[in-house]
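Chemist: As input, take data.cif (mmCIF, C-alpha atoms):
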data_start
#
loop_
_atom_site.label_atom_id
_atom_site.label_comp_id
_atom_site.auth_asym_id
_atom_site.auth_seq_id
_atom_site.Cartn_x
_atom_site.Cartn_y
_atom_site.Cartn_z
CA MET A 1049 0.00 0.00 0.00
CA SER A 1050 3.04 2.26 0.26
CA ASN A 1051 2.40 3.67 -3.20
CA SER A 1052 -1.38 3.73 -2.93
CA MET A 1053 -3.45 6.54 -4.42
CA TYR A 1054 -4.07 7.85 -0.90
CA THR A 1055 -0.31 8.03 -0.18
CA LYS A 1056 0.33 9.86 -3.44
CA LEU A 1057 -2.36 12.41 -2.59
CA ILE A 1058 -1.15 13.15 0.92
CA ASN A 1059 2.44 13.41 -0.29
CA LYS A 1060 1.21 15.83 -2.96
CA GLU A 1061 2.58 13.55 -5.70
CA ALA A 1062 -0.92 13.34 -7.17
CA LYS A 1063 -3.63 15.97 -7.57
CA LEU A 1064 -7.33 15.60 -6.83
CA ALA A 1065 -9.73 17.29 -9.27
CA VAL A 1066 -13.31 18.25 -8.49
CA ILE A 1067 -15.57 18.49 -11.55
CA GLY A 1068 -18.51 20.83 -10.96
CA LEU A 1069 -18.11 23.61 -8.39
CA GLY A 1070 -21.66 24.25 -7.29
CA TYR A 1071 -23.01 24.11 -3.77
CA VAL A 1072 -21.68 20.54 -3.45
CA GLY A 1073 -18.39 20.64 -5.37
CA LEU A 1074 -16.89 23.89 -4.11
CA PRO A 1075 -16.99 23.13 -0.34
CA ILE A 1076 -15.45 19.70 -0.87
CA ALA A 1077 -12.76 21.07 -3.21
CA LEU A 1078 -11.76 23.73 -0.66
CA GLU A 1079 -11.81 21.24 2.21
CA PHE A 1080 -9.51 18.83 0.32
CA ALA A 1081 -7.27 21.76 -0.66
CA LYS A 1082 -6.40 22.31 2.99
CA THR A 1083 -4.33 19.09 2.97
CA ILE A 1084 -3.74 18.03 -0.64
CA LYS A 1085 -3.28 19.57 -4.11
CA VAL A 1086 -6.62 20.29 -5.81
CA VAL A 1087 -7.82 21.40 -9.24
CA GLY A 1088 -11.33 22.86 -9.20
CA PHE A 1089 -12.98 22.57 -12.62
CA ASP A 1090 -16.27 24.06 -13.82
CA ILE A 1091 -17.52 24.66 -17.36
CA ASN A 1092 -18.84 28.09 -16.33
CA ALA A 1093 -15.89 30.47 -16.84
CA GLU A 1094 -17.69 33.38 -15.14
CA ARG A 1095 -18.10 31.35 -11.97
CA ILE A 1096 -14.41 30.36 -12.13
CA GLU A 1097 -13.38 34.04 -12.28
CA LEU A 1098 -15.40 34.73 -9.12
CA MET A 1099 -13.80 31.78 -7.29
CA LYS A 1100 -10.35 33.02 -8.24
CA LYS A 1101 -11.30 36.16 -6.29
CA ASN A 1102 -12.38 34.05 -3.28
CA ILE A 1103 -16.08 34.55 -4.02
CA ASP A 1104 -18.55 31.67 -3.84
CA PRO A 1105 -21.10 32.17 -6.67
CA SER A 1106 -23.64 30.09 -4.66
CA LYS A 1107 -23.30 32.57 -1.76
CA GLU A 1108 -22.86 29.72 0.72
CA LEU A 1109 -19.21 30.17 1.71
CA ASP A 1110 -17.41 33.12 3.19
CA SER A 1111 -14.29 34.42 1.41
CA SER A 1112 -12.19 33.35 4.42
CA GLU A 1113 -12.89 29.70 3.54
CA PHE A 1114 -10.74 30.08 0.42
CA GLU A 1115 -7.67 31.12 2.37
CA GLY A 1116 -4.73 28.76 2.79
CA CYS A 1117 -6.08 26.34 0.18
CA ASP A 1118 -3.82 24.64 -2.38
CA ILE A 1119 -6.30 24.95 -5.23
CA GLU A 1120 -6.26 26.00 -8.86
CA PHE A 1121 -9.62 27.04 -10.36
CA THR A 1122 -10.07 26.44 -14.06
CA ALA A 1123 -12.54 26.08 -16.92
CA ASN A 1124 -9.82 24.64 -19.15
CA ILE A 1125 -9.84 20.85 -19.57
CA ASP A 1126 -6.05 20.78 -20.16
CA ASP A 1127 -5.55 21.70 -16.50
CA LEU A 1128 -7.10 18.34 -15.54
CA LYS A 1129 -4.45 16.26 -17.31
CA ASP A 1130 -2.14 15.86 -14.34
CA ALA A 1131 -4.91 15.03 -11.83
CA GLN A 1132 -5.21 11.38 -10.82
CA PHE A 1133 -8.20 11.33 -8.49
CA PHE A 1134 -11.42 12.81 -9.93
CA VAL A 1135 -14.50 13.74 -7.92
CA VAL A 1136 -17.59 14.38 -10.06
CA ALA A 1137 -20.10 16.65 -8.30
CA VAL A 1138 -22.54 17.89 -10.93
CA PRO A 1139 -26.32 18.23 -10.57
CA THR A 1140 -28.67 15.41 -11.55
CA PRO A 1141 -31.98 17.14 -12.32
CA ILE A 1142 -35.21 15.85 -13.85
CA ASP A 1143 -36.79 16.97 -17.12
CA GLU A 1144 -40.33 18.32 -17.72
CA SER A 1145 -41.70 14.77 -17.66
CA ASN A 1146 -40.07 14.09 -14.27
CA LEU A 1147 -37.57 11.69 -15.86
CA PRO A 1148 -33.89 11.67 -14.88
CA ASN A 1149 -31.83 14.11 -16.93
CA LEU A 1150 -28.34 12.62 -16.94
CA ALA A 1151 -26.94 15.14 -19.47
CA PRO A 1152 -24.81 17.11 -16.93
CA LEU A 1153 -23.50 13.87 -15.40
CA ILE A 1154 -22.65 12.24 -18.74
CA GLY A 1155 -21.08 15.53 -19.92
CA ALA A 1156 -18.83 15.65 -16.86
CA THR A 1157 -18.00 11.95 -17.28
CA ARG A 1158 -16.93 12.59 -20.90
CA THR A 1159 -14.70 15.44 -19.68
CA VAL A 1160 -12.99 13.08 -17.22
CA GLY A 1161 -12.74 10.38 -19.90
CA LYS A 1162 -10.72 12.75 -22.10
CA VAL A 1163 -8.01 13.15 -19.46
CA LEU A 1164 -8.19 9.71 -17.80
CA LYS A 1165 -4.88 7.82 -17.43
CA LYS A 1166 -3.81 4.39 -16.21
CA GLY A 1167 -4.13 4.09 -12.44
CA ASP A 1168 -6.57 7.01 -12.05
CA TYR A 1169 -9.58 7.04 -9.74
CA VAL A 1170 -13.01 8.51 -10.48
CA VAL A 1171 -15.53 9.01 -7.66
CA PHE A 1172 -19.09 10.17 -8.35
CA GLU A 1173 -21.02 12.25 -5.82
CA SER A 1174 -24.18 13.08 -7.80
CA THR A 1175 -27.44 11.49 -6.63
CA VAL A 1176 -28.42 8.75 -9.08
CA TYR A 1177 -30.47 5.56 -9.21
CA PRO A 1178 -28.76 2.31 -8.16
CA GLY A 1179 -26.67 1.04 -11.08
CA CYS A 1180 -26.13 4.40 -12.79
CA THR A 1181 -22.41 4.73 -11.93
CA GLU A 1182 -21.52 1.30 -13.32
CA GLU A 1183 -24.10 1.05 -16.13
CA ASP A 1184 -24.22 4.63 -17.45
CA CYS A 1185 -20.96 6.33 -16.45
CA VAL A 1186 -18.32 3.57 -16.69
CA PRO A 1187 -19.06 2.76 -20.38
CA VAL A 1188 -18.62 6.48 -21.21
CA LEU A 1189 -15.28 6.58 -19.36
CA GLU A 1190 -14.10 3.45 -21.21
CA GLU A 1191 -15.28 4.65 -24.61
CA VAL A 1192 -13.77 8.17 -24.36
CA SER A 1193 -10.48 7.14 -22.71
CA GLY A 1194 -9.94 3.82 -24.48
CA LEU A 1195 -9.02 2.37 -21.07
CA LYS A 1196 -10.45 -0.69 -19.32
CA PHE A 1197 -12.43 -0.38 -16.08
CA ARG A 1198 -10.79 -2.13 -13.09
CA GLU A 1199 -7.67 -3.03 -15.12
CA ASP A 1200 -6.69 0.57 -15.91
CA PHE A 1201 -8.80 2.78 -13.67
CA MET A 1202 -10.90 2.48 -10.50
CA ILE A 1203 -14.23 4.03 -9.67
CA GLY A 1204 -16.19 4.76 -6.53
CA TYR A 1205 -19.37 6.42 -5.39
CA SER A 1206 -19.75 8.68 -2.35
CA PRO A 1207 -23.02 10.60 -2.25
CA GLU A 1208 -23.05 14.21 -1.07
CA ARG A 1209 -25.00 15.08 2.05
CA ILE A 1210 -24.62 18.85 1.96
CA ASN A 1211 -27.63 20.80 3.17
CA PRO A 1212 -27.69 24.32 1.66
CA GLY A 1213 -27.90 27.09 4.24
CA ASP A 1214 -27.21 24.67 7.12
CA LYS A 1215 -24.23 25.79 9.17
CA GLU A 1216 -24.59 22.89 11.61
CA HIS A 1217 -24.65 19.79 9.38
CA THR A 1218 -21.57 20.58 7.32
CA LEU A 1219 -19.33 18.38 5.20
CA GLN A 1220 -16.92 17.87 8.13
CA ASN A 1221 -19.42 16.68 10.70
CA VAL A 1222 -21.81 14.44 8.77
CA ILE A 1223 -20.73 10.79 8.32
CA LYS A 1224 -19.93 10.17 4.63
CA VAL A 1225 -20.99 7.01 2.83
CA VAL A 1226 -18.21 5.73 0.54
CA SER A 1227 -17.93 2.81 -1.87
CA GLY A 1228 -15.42 1.44 -4.37
CA CYS A 1229 -15.25 -1.12 -7.15
CA CYS A 1230 -12.93 -3.44 -5.16
CA ASP A 1231 -11.41 -3.71 -1.67
CA GLU A 1232 -8.32 -1.73 -2.56
CA SER A 1233 -10.21 1.14 -4.18
CA LEU A 1234 -12.69 1.24 -1.28
CA GLU A 1235 -9.81 1.62 1.18
CA ASP A 1236 -8.11 4.35 -0.87
CA ILE A 1237 -11.36 6.27 -1.36
CA ALA A 1238 -12.37 5.90 2.30
CA LYS A 1239 -9.01 7.16 3.57
CA THR A 1240 -9.07 10.08 1.13
CA TYR A 1241 -12.50 11.19 2.36
CA GLU A 1242 -11.40 10.74 5.96
CA LEU A 1243 -9.02 13.65 5.31
CA VAL A 1244 -12.01 16.01 5.12
CA VAL A 1245 -14.81 14.36 7.07
CA GLN A 1246 -14.07 14.47 10.79
CA ALA A 1247 -17.28 12.54 11.54
CA GLY A 1248 -15.79 9.56 9.70
CA VAL A 1249 -16.94 7.44 6.78
CA HIS A 1250 -19.24 4.46 6.36
CA ARG A 1251 -17.86 1.88 3.95
CA ALA A 1252 -20.82 0.59 1.93
CA SER A 1253 -20.66 -3.01 0.68
CA SER A 1254 -21.02 -1.97 -2.98
CA ILE A 1255 -21.46 1.02 -5.26
CA LYS A 1256 -25.14 0.13 -5.83
CA VAL A 1257 -25.77 0.01 -2.07
CA ALA A 1258 -24.24 3.49 -1.67
CA GLU A 1259 -26.36 4.83 -4.56
CA ALA A 1260 -29.51 3.31 -3.07
CA ALA A 1261 -28.74 4.62 0.42
CA LYS A 1262 -28.54 8.18 -0.83
CA ILE A 1263 -31.71 8.03 -2.85
CA ILE A 1264 -33.80 6.62 -0.02
CA GLU A 1265 -32.63 9.30 2.44
CA ASN A 1266 -34.52 11.87 0.38
CA THR A 1267 -37.34 9.55 -0.66
CA GLN A 1268 -38.10 8.77 3.00
CA ARG A 1269 -38.34 12.49 3.81
CA ASP A 1270 -40.51 13.09 0.76
CA VAL A 1271 -43.02 10.36 1.65
CA ASN A 1272 -43.19 11.48 5.29
CA ILE A 1273 -43.84 15.09 4.31
CA ALA A 1274 -46.46 13.95 1.78
CA LEU A 1275 -48.36 12.14 4.53
CA ILE A 1276 -48.41 15.31 6.65
CA ASN A 1277 -49.43 17.41 3.64
CA GLU A 1278 -52.32 15.06 2.96
CA LEU A 1279 -53.34 15.18 6.63
CA SER A 1280 -53.26 18.98 6.45
CA ILE A 1281 -55.75 18.89 3.54
CA ILE A 1282 -58.02 16.61 5.59
CA PHE A 1283 -57.72 18.71 8.77
CA ASN A 1284 -58.48 21.86 6.78
CA ARG A 1285 -61.80 20.29 5.72
CA LEU A 1286 -62.45 19.35 9.35
CA GLY A 1287 -61.67 22.85 10.54
CA ILE A 1288 -58.67 21.94 12.74
CA ASN A 1289 -55.19 23.50 12.69
CA THR A 1290 -52.62 20.94 11.53
CA TYR A 1291 -49.84 22.44 13.67
CA ASP A 1292 -51.98 22.09 16.81
CA VAL A 1293 -52.56 18.43 15.92
CA LEU A 1294 -48.84 17.82 15.27
CA GLU A 1295 -47.92 19.50 18.56
CA ALA A 1296 -50.28 17.21 20.47
CA ALA A 1297 -49.22 14.03 18.62
CA GLY A 1298 -45.56 15.03 18.96
CA THR A 1299 -45.67 14.49 22.71
CA LYS A 1300 -45.41 10.74 22.07
CA TRP A 1301 -41.78 9.54 22.11
CA ASN A 1302 -41.88 7.73 18.76
CA PHE A 1303 -43.97 10.17 16.75
CA LEU A 1304 -41.88 11.44 13.81
CA LYS A 1305 -41.77 15.22 13.64
CA PHE A 1306 -42.50 16.34 10.11
CA SER A 1307 -44.46 19.42 9.12
CA PRO A 1308 -46.53 20.27 6.03
CA GLY A 1309 -45.17 22.56 3.33
CA LEU A 1310 -43.86 23.06 -0.17
CA VAL A 1311 -41.31 20.46 -1.20
CA GLY A 1312 -38.98 22.04 -3.75
CA GLY A 1313 -35.25 22.25 -4.22
CA HIS A 1314 -33.04 19.86 -6.13
CA CYS A 1315 -33.00 16.91 -3.71
CA ILE A 1316 -36.22 15.87 -2.01
CA GLY A 1317 -38.43 16.99 -4.88
CA VAL A 1318 -36.23 15.31 -7.49
CA ASP A 1319 -34.48 12.20 -6.17
CA PRO A 1320 -37.56 9.97 -5.70
CA TYR A 1321 -38.19 10.24 -9.45
CA TYR A 1322 -34.79 8.62 -10.07
CA LEU A 1323 -35.83 5.65 -7.95
CA THR A 1324 -39.30 5.26 -9.49
CA HIS A 1325 -37.73 5.49 -12.97
CA LYS A 1326 -35.34 2.64 -12.16
CA ALA A 1327 -38.15 0.64 -10.55
CA MET A 1328 -40.17 1.02 -13.75
CA GLN A 1329 -37.28 -0.46 -15.75
CA THR A 1330 -37.48 -3.56 -13.57
CA GLY A 1331 -41.23 -3.78 -14.23
CA TYR A 1332 -42.36 -2.45 -10.85
CA HIS A 1333 -44.68 0.55 -10.67
CA SER A 1334 -43.98 2.32 -7.41
CA LYS A 1335 -47.17 3.30 -5.62
CA VAL A 1336 -46.25 4.84 -2.27
CA ILE A 1337 -43.38 6.94 -3.65
CA THR A 1338 -45.29 8.25 -6.69
CA SER A 1339 -48.41 9.12 -4.72
CA GLY A 1340 -46.21 10.96 -2.21
CA ARG A 1341 -44.66 12.91 -5.08
CA TYR A 1342 -48.14 13.68 -6.47
CA VAL A 1343 -49.31 15.11 -3.13
CA ASN A 1344 -46.17 17.22 -2.62
CA ASP A 1345 -46.09 18.50 -6.19
CA SER A 1346 -49.69 19.74 -5.94
CA MET A 1347 -49.31 21.72 -2.69
CA GLY A 1348 -48.48 25.05 -4.37
CA PHE A 1349 -51.67 24.91 -6.43
CA TYR A 1350 -53.65 23.92 -3.32
CA ILE A 1351 -52.33 26.93 -1.35
CA GLY A 1352 -53.16 29.24 -4.28
CA LYS A 1353 -56.72 27.92 -4.50
CA GLN A 1354 -57.30 28.18 -0.73
CA THR A 1355 -56.12 31.80 -0.82
CA VAL A 1356 -58.59 32.59 -3.61
CA LYS A 1357 -61.43 30.98 -1.59
CA LYS A 1358 -60.52 33.08 1.47
CA ILE A 1359 -60.49 36.32 -0.56
CA LEU A 1360 -63.90 35.45 -2.08
CA ALA A 1361 -65.27 34.64 1.38
CA GLN A 1362 -64.43 38.23 2.38
CA GLY A 1363 -66.90 39.39 -0.26
CA LYS A 1364 -64.25 40.69 -2.67
CA SER A 1365 -64.10 40.35 -6.45
CA ILE A 1366 -61.24 38.05 -7.34
CA GLN A 1367 -60.35 39.73 -10.68
CA ASN A 1368 -59.46 42.95 -8.87
CA ALA A 1369 -57.60 41.24 -6.04
CA LYS A 1370 -53.94 41.86 -5.33
CA VAL A 1371 -51.79 39.36 -3.42
CA LEU A 1372 -48.32 39.71 -1.92
CA VAL A 1373 -46.21 36.53 -1.87
CA MET A 1374 -43.28 36.71 0.56
CA GLY A 1375 -40.41 34.35 -0.24
CA ALA A 1376 -39.35 32.88 -3.59
CA THR A 1377 -36.45 30.52 -2.76
CA PHE A 1378 -36.90 26.79 -2.22
CA LYS A 1379 -36.16 27.06 1.52
CA GLU A 1380 -35.53 29.67 4.19
CA ASP A 1381 -32.38 31.80 4.40
CA VAL A 1382 -30.82 30.61 1.11
CA SER A 1383 -30.62 32.32 -2.29
CA ASP A 1384 -31.27 29.13 -4.29
CA ILE A 1385 -34.42 29.30 -6.43
CA ARG A 1386 -34.01 25.97 -8.25
CA ASN A 1387 -37.26 23.98 -8.35
CA SER A 1388 -38.99 26.44 -6.00
CA LYS A 1389 -42.63 25.48 -5.57
CA VAL A 1390 -43.61 29.05 -4.67
CA ILE A 1391 -43.99 29.53 -8.42
CA ASP A 1392 -46.94 27.09 -8.37
CA ILE A 1393 -48.79 29.32 -5.90
CA ILE A 1394 -48.24 32.30 -8.23
CA LYS A 1395 -49.37 30.36 -11.32
CA GLU A 1396 -52.55 29.28 -9.55
CA LEU A 1397 -53.34 32.83 -8.38
CA ARG A 1398 -52.70 34.23 -11.85
CA SER A 1399 -55.02 31.65 -13.39
CA PHE A 1400 -57.80 33.44 -11.44
CA GLN A 1401 -56.64 36.82 -12.88
CA VAL A 1402 -55.24 37.81 -9.47
CA SER A 1403 -52.45 40.41 -9.55
CA VAL A 1404 -49.37 39.08 -7.70
CA ASP A 1405 -46.34 40.84 -6.20
CA LEU A 1406 -43.40 38.66 -5.17
CA VAL A 1407 -40.63 39.71 -2.77
CA ASP A 1408 -37.59 37.92 -1.37
CA PRO A 1409 -34.55 39.34 0.46
CA HIS A 1410 -32.26 36.54 -0.77
CA ALA A 1411 -33.32 35.74 -4.35
CA SER A 1412 -32.10 37.53 -7.47
CA SER A 1413 -34.83 39.13 -9.59
CA GLU A 1414 -32.78 38.45 -12.74
CA GLU A 1415 -32.56 34.75 -11.93
CA MET A 1416 -36.29 34.60 -11.15
CA GLU A 1417 -37.12 36.21 -14.50
CA HIS A 1418 -34.75 33.93 -16.37
CA GLU A 1419 -35.99 30.78 -14.67
CA TYR A 1420 -39.71 31.48 -14.17
CA ASP A 1421 -40.62 34.72 -16.03
CA VAL A 1422 -41.54 36.29 -12.70
CA ALA A 1423 -39.68 39.38 -11.52
CA LEU A 1424 -39.38 40.41 -7.88
CA THR A 1425 -41.23 43.57 -6.78
CA PRO A 1426 -38.70 46.13 -5.52
CA VAL A 1427 -40.99 47.69 -2.86
CA ILE A 1428 -43.79 46.14 -0.82
CA GLY A 1429 -47.05 48.04 -1.34
CA THR A 1430 -49.96 48.81 1.01
CA GLU A 1431 -52.95 47.75 -1.05
CA TYR A 1432 -52.98 43.94 -0.84
CA ASP A 1433 -56.07 41.81 -0.29
CA ALA A 1434 -53.97 38.88 0.91
CA ILE A 1435 -50.43 38.14 2.07
CA ILE A 1436 -48.86 34.71 1.71
CA VAL A 1437 -45.72 34.07 3.79
CA ALA A 1438 -44.39 31.21 1.65
CA VAL A 1439 -40.79 30.98 2.93
CA ASN A 1440 -39.74 31.56 6.54
CA HIS A 1441 -36.74 33.80 5.98
CA ALA A 1442 -35.27 35.21 9.20
CA GLU A 1443 -36.21 38.70 7.93
CA TYR A 1444 -39.91 37.77 8.05
CA LYS A 1445 -40.01 36.00 11.41
CA THR A 1446 -39.71 39.27 13.35
CA LEU A 1447 -42.70 40.93 11.61
CA THR A 1448 -45.83 41.58 13.68
CA GLU A 1449 -49.55 41.58 12.87
CA ASP A 1450 -49.39 45.39 12.71
CA ASP A 1451 -46.62 45.17 10.09
CA PHE A 1452 -48.85 42.96 7.96
CA LYS A 1453 -51.91 45.16 8.54
CA GLY A 1454 -49.92 48.06 7.11
CA MET A 1455 -49.47 46.13 3.86
CA LEU A 1456 -53.15 45.20 3.51
CA LYS A 1457 -55.83 47.30 1.83
CA ASP A 1458 -58.41 46.96 4.63
CA GLU A 1459 -59.38 45.00 7.72
CA LYS A 1460 -60.75 42.22 5.50
CA GLY A 1461 -57.22 41.18 4.59
CA VAL A 1462 -56.35 37.48 4.37
CA PHE A 1463 -53.14 36.19 5.95
CA VAL A 1464 -51.78 32.87 4.68
CA ASP A 1465 -48.98 31.41 6.79
CA VAL A 1466 -47.73 28.38 4.83
CA LYS A 1467 -45.48 27.03 7.58
CA GLY A 1468 -47.64 28.11 10.55
CA ILE A 1469 -45.00 30.28 12.26
CA PHE A 1470 -47.37 33.18 13.01
CA ARG A 1471 -50.28 31.16 14.35
CA SER A 1472 -50.07 32.59 17.87
CA LYS A 1473 -49.32 36.11 16.65
CA ILE A 1474 -52.26 36.81 14.30
CA HIS A 1475 -55.52 37.71 16.07
CA ASP A 1476 -57.50 40.14 13.89
CA LEU A 1477 -56.78 39.13 10.30
CA GLU A 1478 -58.46 36.23 8.51
CA TYR A 1479 -55.76 33.58 9.16
CA TRP A 1480 -55.07 30.34 7.30
CA SER A 1481 -52.13 27.93 7.35
CA LEU A 1482 -51.43 24.44 6.07
#
If you took the structure in this file and wrote it as structure tokens, what would it be?

Modeler:
Amino acid sequence: MSNSMYTKLINKEAKLAVIGLGYVGLPIALEFAKTIKVVGFDINAERIELMKKNIDPSKELDSSEFEGCDIEFTANIDDLKDAQFFVVAVPTPIDESNLPNLAPLIGATRTVGKVLKKGDYVVFESTVYPGCTEEDCVPVLEEVSGLKFREDFMIGYSPERINPGDKEHTLQNVIKVVSGCCDESLEDIAKTYELVVQAGVHRASSIKVAEAAKIIENTQRDVNIALINELSIIFNRLGINTYDVLEAAGTKWNFLKFSPGLVGGHCIGVDPYYLTHKAMQTGYHSKVITSGRYVNDSMGFYIGKQTVKKILAQGKSIQNAKVLVMGATFKEDVSDIRNSKVIDIIKELRSFQVSVDLVDPHASSEEMEHEYDVALTPVIGTEYDAIIVAVNHAEYKTLTEDDFKGMLKDEKGVFVDVKGIFRSKIHDLEYWSL
């Protein structure tokens, strides 16, 4: 083992390259660069220029995190030629039909294939269905490089567990699942990741097991939230507040604490579709997972419709109504708008000819327009018939009922509190939450 890949890396005789420097790739590249030589590669040259100036384009990391790192940022494939350990951390989204879109992953794999040499290692971090690494990525590596898997190069899979905006569960302190294509590669990959993950690593018995473990982490959350979302629809019809019910049930030691809400983002709202797609290929039609997805994907439209009903119940004409939606990102206190379900609320309101203003202290109006054709309103008005607090940004949590009253046209204003954080603070307004 004296000349193992791990030894070469720690002796700085070999470089590690991270392909894809988004919210997953950049933190891991910087963390590795504290102990070994790293090349950070991304196809987006503008983003690379920002990173060279110690700026994280995803706005997750402080500039101080770049300091003291042995890293070279590049958008030039030639700079990858002397790397020997490749970590692929590109997004794995779904297309309009909710089918896996492997284009970014296969593109990154082709890039690695072009610079792959004998003895190199390739580890994938993107969330995929079980079998994807070996069945979809390895053939591309072999075809582009002309090398033979296992004889000439080794592969592994180690799923990311980064939670955007979470300063507590960081790369260093969350156990990392690792896998390799043989005992030797598993050991090398595990020891390499141990350099950056203080919490330690879990050696999975195979690459497929590691892929499956990652995908069910998010699928389990998705199904649990879907159950609570469905209960919230039922309790609404029964005239009971879901949060009051959850608080009461939550006093039992083994009751799982989930709350209703919009399930967006690029993990929980996406990953289950990878699993159901693979299940379909084996001839099994998933029922629990797909119905959970159906419930969660329809929550934005449900919230929009309930808001319209509340405005009508106040005796107002819906065509002349104006609604303020507060929060556009997929979760609180982050700037990430990918797969935000807030857009579904807006679409539903607009389908009733309602005029909608959208504000968010973290999101970029340009990005919102580019992604969803919805711009942010620069200034909050005072003439709204309803307010929907869709995302619990810290900036909103301190607002009082009087603050909201000042934004509403009259005392018949409707207040929709998607996540139920104001339920004890709103006394005069017409209040509704999931």

Chemist: Name every residue that the PyMOL selection byres ((chain A and resi 1429) around 12) selects in this structure, writing the answer as JSON, numbers by chain with chains first and numbers rising.

Modeler: {"A": [1370, 1371, 1372, 1373, 1404, 1405, 1406, 1407, 1425, 1426, 1427, 1428, 1430, 1431, 1432, 1433, 1434, 1435, 1451, 1452, 1453, 1454, 1455, 1456, 1457]}

Chemist: Next, dump the selected residues to file, keeping only C-alpha atoms, as a PDB file, keeping the file's coordinate frame.

Modeler:
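Ended up saving to selection39.pdb:
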ATOM      1  CA  LYS A1370     -53.940  41.860  -5.330  1.00  0.00           C
ATOM      2  CA  VAL A1371     -51.790  39.360  -3.420  1.00  0.00           C
ATOM      3  CA  LEU A1372     -48.320  39.710  -1.920  1.00  0.00           C
ATOM      4  CA  VAL A1373     -46.210  36.530  -1.870  1.00  0.00           C
ATOM      5  CA  VAL A1404     -49.370  39.080  -7.700  1.00  0.00           C
ATOM      6  CA  ASP A1405     -46.340  40.840  -6.200  1.00  0.00           C
ATOM      7  CA  LEU A1406     -43.400  38.660  -5.170  1.00  0.00           C
ATOM      8  CA  VAL A1407     -40.630  39.710  -2.770  1.00  0.00           C
ATOM      9  CA  THR A1425     -41.230  43.570  -6.780  1.00  0.00           C
ATOM     10  CA  PRO A1426     -38.700  46.130  -5.520  1.00  0.00           C
ATOM     11  CA  VAL A1427     -40.990  47.690  -2.860  1.00  0.00           C
ATOM     12  CA  ILE A1428     -43.790  46.140  -0.820  1.00  0.00           C
ATOM     13  CA  THR A1430     -49.960  48.810   1.010  1.00  0.00           C
ATOM     14  CA  GLU A1431     -52.950  47.750  -1.050  1.00  0.00           C
ATOM     15  CA  TYR A1432     -52.980  43.940  -0.840  1.00  0.00           C
ATOM     16  CA  ASP A1433     -56.070  41.810  -0.290  1.00  0.00           C
ATOM     17  CA  ALA A1434     -53.970  38.880   0.910  1.00  0.00           C
ATOM     18  CA  ILE A1435     -50.430  38.140   2.070  1.00  0.00           C
ATOM     19  CA  ASP A1451     -46.620  45.170  10.090  1.00  0.00           C
ATOM     20  CA  PHE A1452     -48.850  42.960   7.960  1.00  0.00           C
ATOM     21  CA  LYS A1453     -51.910  45.160   8.540  1.00  0.00           C
ATOM     22  CA  GLY A1454     -49.920  48.060   7.110  1.00  0.00           C
ATOM     23  CA  MET A1455     -49.470  46.130   3.860  1.00  0.00           C
ATOM     24  CA  LEU A1456     -53.150  45.200   3.510  1.00  0.00           C
ATOM     25  CA  LYS A1457     -55.830  47.300   1.830  1.00  0.00           C
TER      26      LYS A1457
END

Chemist: Evaluating the PyMOL selection byres ((chain A and resi 1277) around 10) on the displayed file yields which residues, as a ChimeraX atom specification?

Modeler: /A:1271-1276,1278-1283,1290,1306-1311,1340,1343-1344,1346-1347,1482

Chemist: Counting only C-alpha atoms, what is within 6 Å of region 1161-1178 of chain A, bar same-chain residues fewer than 3 positions away, as a PyMOL selection string?

Modeler: chain A and resi 1129+1132-1138+1158+1189+1192-1193+1200-1208+1256+1259-1260+1322-1323

Chemist: To one decimal place in Å, what is the distance between CA of Val1257 (chain A) and CA of Pro1075 (chain A)?

Modeler: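 Separation of CA of Val1257 (chain A) and CA of Pro1075 (chain A): 24.8 Å.
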
Chemist: Smallest atom-to-atom distance to Glu1295 (chain A): which of A:Thr1055, A:Lys1460, A:Gly1468, A:Phe1080, using all atoms listed in the file?

Modeler: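 Using all atoms listed in the file, Glu1295 (chain A) sits closest to A:Gly1468.
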
Chemist: Just want the 12 Å neighbourhood of Leu1074 (chain A), counted on all atoms listed in the file, with same-chain residues fewer than 2 positions away dropped. Output as a PyMOL selection string.

Modeler: chain A and resi 1065-1072+1076-1081+1086-1090+1095-1096+1099-1100+1102-1110+1113-1114+1117+1119-1121+1135-1138+1208+1210+1219

Chemist: Compute the distance from (-13.2, 12.6, 10.7) to each atom, counting only C-alpha atoms, keep the residues with any atom at most 10 Å away, and return them as a list of chain:residue names; use the coordinates of the file.

Modeler: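 Residues with an atom close enough to that point: A:Gln1220, A:Asn1221, A:Val1222, A:Ile1223, A:Lys1224, A:Lys1239, A:Tyr1241, A:Glu1242, A:Leu1243, A:Val1244, A:Val1245, A:Gln1246, A:Ala1247, A:Gly1248, A:Val1249.
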
Chemist: Which residues are close to Glu1417 (chain A), i.e. within 12 Å by only C-alpha atoms, leaving aside same-chain residues fewer than 4 positions away? Reply as a ChimeraX atom specification.

Modeler: /A:1376,1385,1391,1406,1411-1413,1421-1425

Chemist: Find the distance between CA of Cys1315 (chain A) and CA of Thr1140 (chain A) and write it in Å to one decimal.

Modeler: 9.1 Å

Chemist: Would you mind listing what lies within 8 Å of Ile1084 (chain A) as a PyMOL selection string, with all atoms listed in the file counted and same-chain residues fewer than 3 positions away left out?

Modeler: chain A and resi 1057-1060+1063-1064+1080-1081+1118

Chemist: Near Trp1480 (chain A), counting all atoms listed in the file, which residues have an atom at most 9 Å away, once you skip same-chain residues fewer than 3 positions from it, shown as a list in words?

Modeler: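 So the residues in contact are Asn1289, Gln1354, Thr1355, Lys1358, Val1462, Phe1463, Val1464, Asp1465, Val1466, Gly1468 and Arg1471 of chain A.
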